[in-house]
Each structure stands twice: as C-alpha cells, then as structure tokens.
Amino acid sequence: MDRKTREGSWKGGGSKPFVPGARPISESLGGVLKSLGVPSRAISRRIADAWVAVADPAWAGRAKPLRLFGGVLVVGVSSAPLRLELVQFHAERLLAAMRARLPTDPITSLRFAPDAIADADEGRS
C-alpha cells in the first residue's frame with residue numbers, strides 16, 4: 001500500500017506521511033500541559049519574580065518556588081529547620097503576599113518540600 005505525502009509518495013523513508021486533518025504535536029502540547037496543571041513559562045516567571053519580592057533575603061538560594069500544580073505552589077527548601085520555620089511562622093503571610101502579587105494565578109496553598117538542587121547550590125557558594 002502506497003502512502004502519500006505532501007511531496008509525493010512515501011514508503012517508510014524520507015518525507016513524513018501526510019494525514020489530512022493532522023496537526024503538529026506542538027500545537028496540542030500547550031493545551032495538554034495546561035489541562036495537567038503545568039504552568040506556562042510566563043506564569044513560572046511571574047511566580048519566581050513574586051517570590052523574590054515577598055521572601056526574606058536570608059532565604060535566597062535556600063528556598064525557591066519549584067512548581068505550581070493544581071493551585072499548590074511547591075517551594076523547595078534546603079534544610080529541615082528552614083522548612084519548619086517557613087511552615088510554622090511564615091506560610092500564611094507568604095501565601096497572602098503571593099496571592100496579592102498574583103491575583104490572576106490560582107495559588108491556593110503553599111507546600112514546602114526538600115530540594116536537593118537548593119542543597120547543591122548552597123554547597124557551591
């Protein structure tokens with residue numbers, strides 16, 4: 001059976017087959033990622049910028065936003081004592097400040113998680 005391509009015939013090598021109505025995966029990927037709760041680069045950038053503005057400078061390199069999934073902003077933390085401090089004393093204020101700076105982005109809660117990358121960055125300093 002001979003498959004047709006835009007350039008002519010295709011027999012498994014060379015040009016890709018032409019399928020009427022088919023779209024490149026890149027056209028669908030954005031919608032799929034959005035439906036999975038993966039934020040766009042623009043949202044990720046806004047979150048990173050907002051975090052720098054609301055976080056204590058002493059936490060620089062030790063706590064940073066990692067991902068936003070289903071409204072939960074996961075913040076990577078380099079140590080257990082810092083995680084405990086953030087959870088017990090700063091979580092409510094940080095959430096309110098992030099929501100105020102990002103009213104159109106759906107941040108419903110914060111979760112502080114161990115972050116090996118923050119640990120590695122800290123060790124390089």
# chains A, B, ... in the order shown; residues from 1 in each chain; ligands from 1

$ residues_around --residues "Asp105 in chain A" --least-positions-apart "6" --cutoff "9 Å" --atoms "only C-alpha atoms" --output "list in words"
Ile43, Ile47, Gly71 and Arg99 of chain A

$ write_last_selection --atoms "C-alpha atoms" --output "mmCIF file, in the first residue's frame"
data_model
loop_
_atom_site.group_PDB
_atom_site.id
_atom_site.type_symbol
_atom_site.label_atom_id
_atom_site.label_comp_id
_atom_site.auth_asym_id
_atom_site.auth_seq_id
_atom_site.Cartn_x
_atom_site.Cartn_y
_atom_site.Cartn_z
ATOM 1 C CA ILE A 43 3.353 32.150 34.902
ATOM 2 C CA ILE A 47 5.862 33.324 40.361
ATOM 3 C CA GLY A 71 -3.105 25.561 42.760
ATOM 4 C CA ARG A 99 -1.901 35.898 46.146
#

$ atom_distance --atom1 "CA of Val77 in chain A" --atom2 "CA of Ala63 in chain A"
4.4 Å

$ closest_residue --among "A:Val52, A:Ala60, A:Arg23, A:Pro81" --to "Leu94 in chain A" --atoms "only C-alpha atoms"
A:Val52

$ select_by_dssp --residues "range 16-103 of chain A" --states "strand (DSSP E or B)" --output "ChimeraX atom specification"
/A:63-69,72-77

$ atom_distance --atom1 "CA of Leu68 in chain A" --atom2 "CA of Leu110 in chain A"
9.2 Å

$ closest_residue --among "A:Ala22, A:Ile107, A:Ala113, A:Ala100" --to "Gly70 in chain A" --atoms "only C-alpha atoms"
A:Ile107

$ residues_around --residues "Ala50 in chain A" --least-positions-apart "4" --cutoff "9 Å" --atoms "only C-alpha atoms" --output "list in words"
Arg45, Arg46, Val54, Ala55, Ala97, Met98, Arg101 and Leu102 of chain A

$ closest_residue --among "A:Arg41, A:Phe69, A:Thr104, A:Val75" --to "Ala91 in chain A" --atoms "only C-alpha atoms"
A:Val75
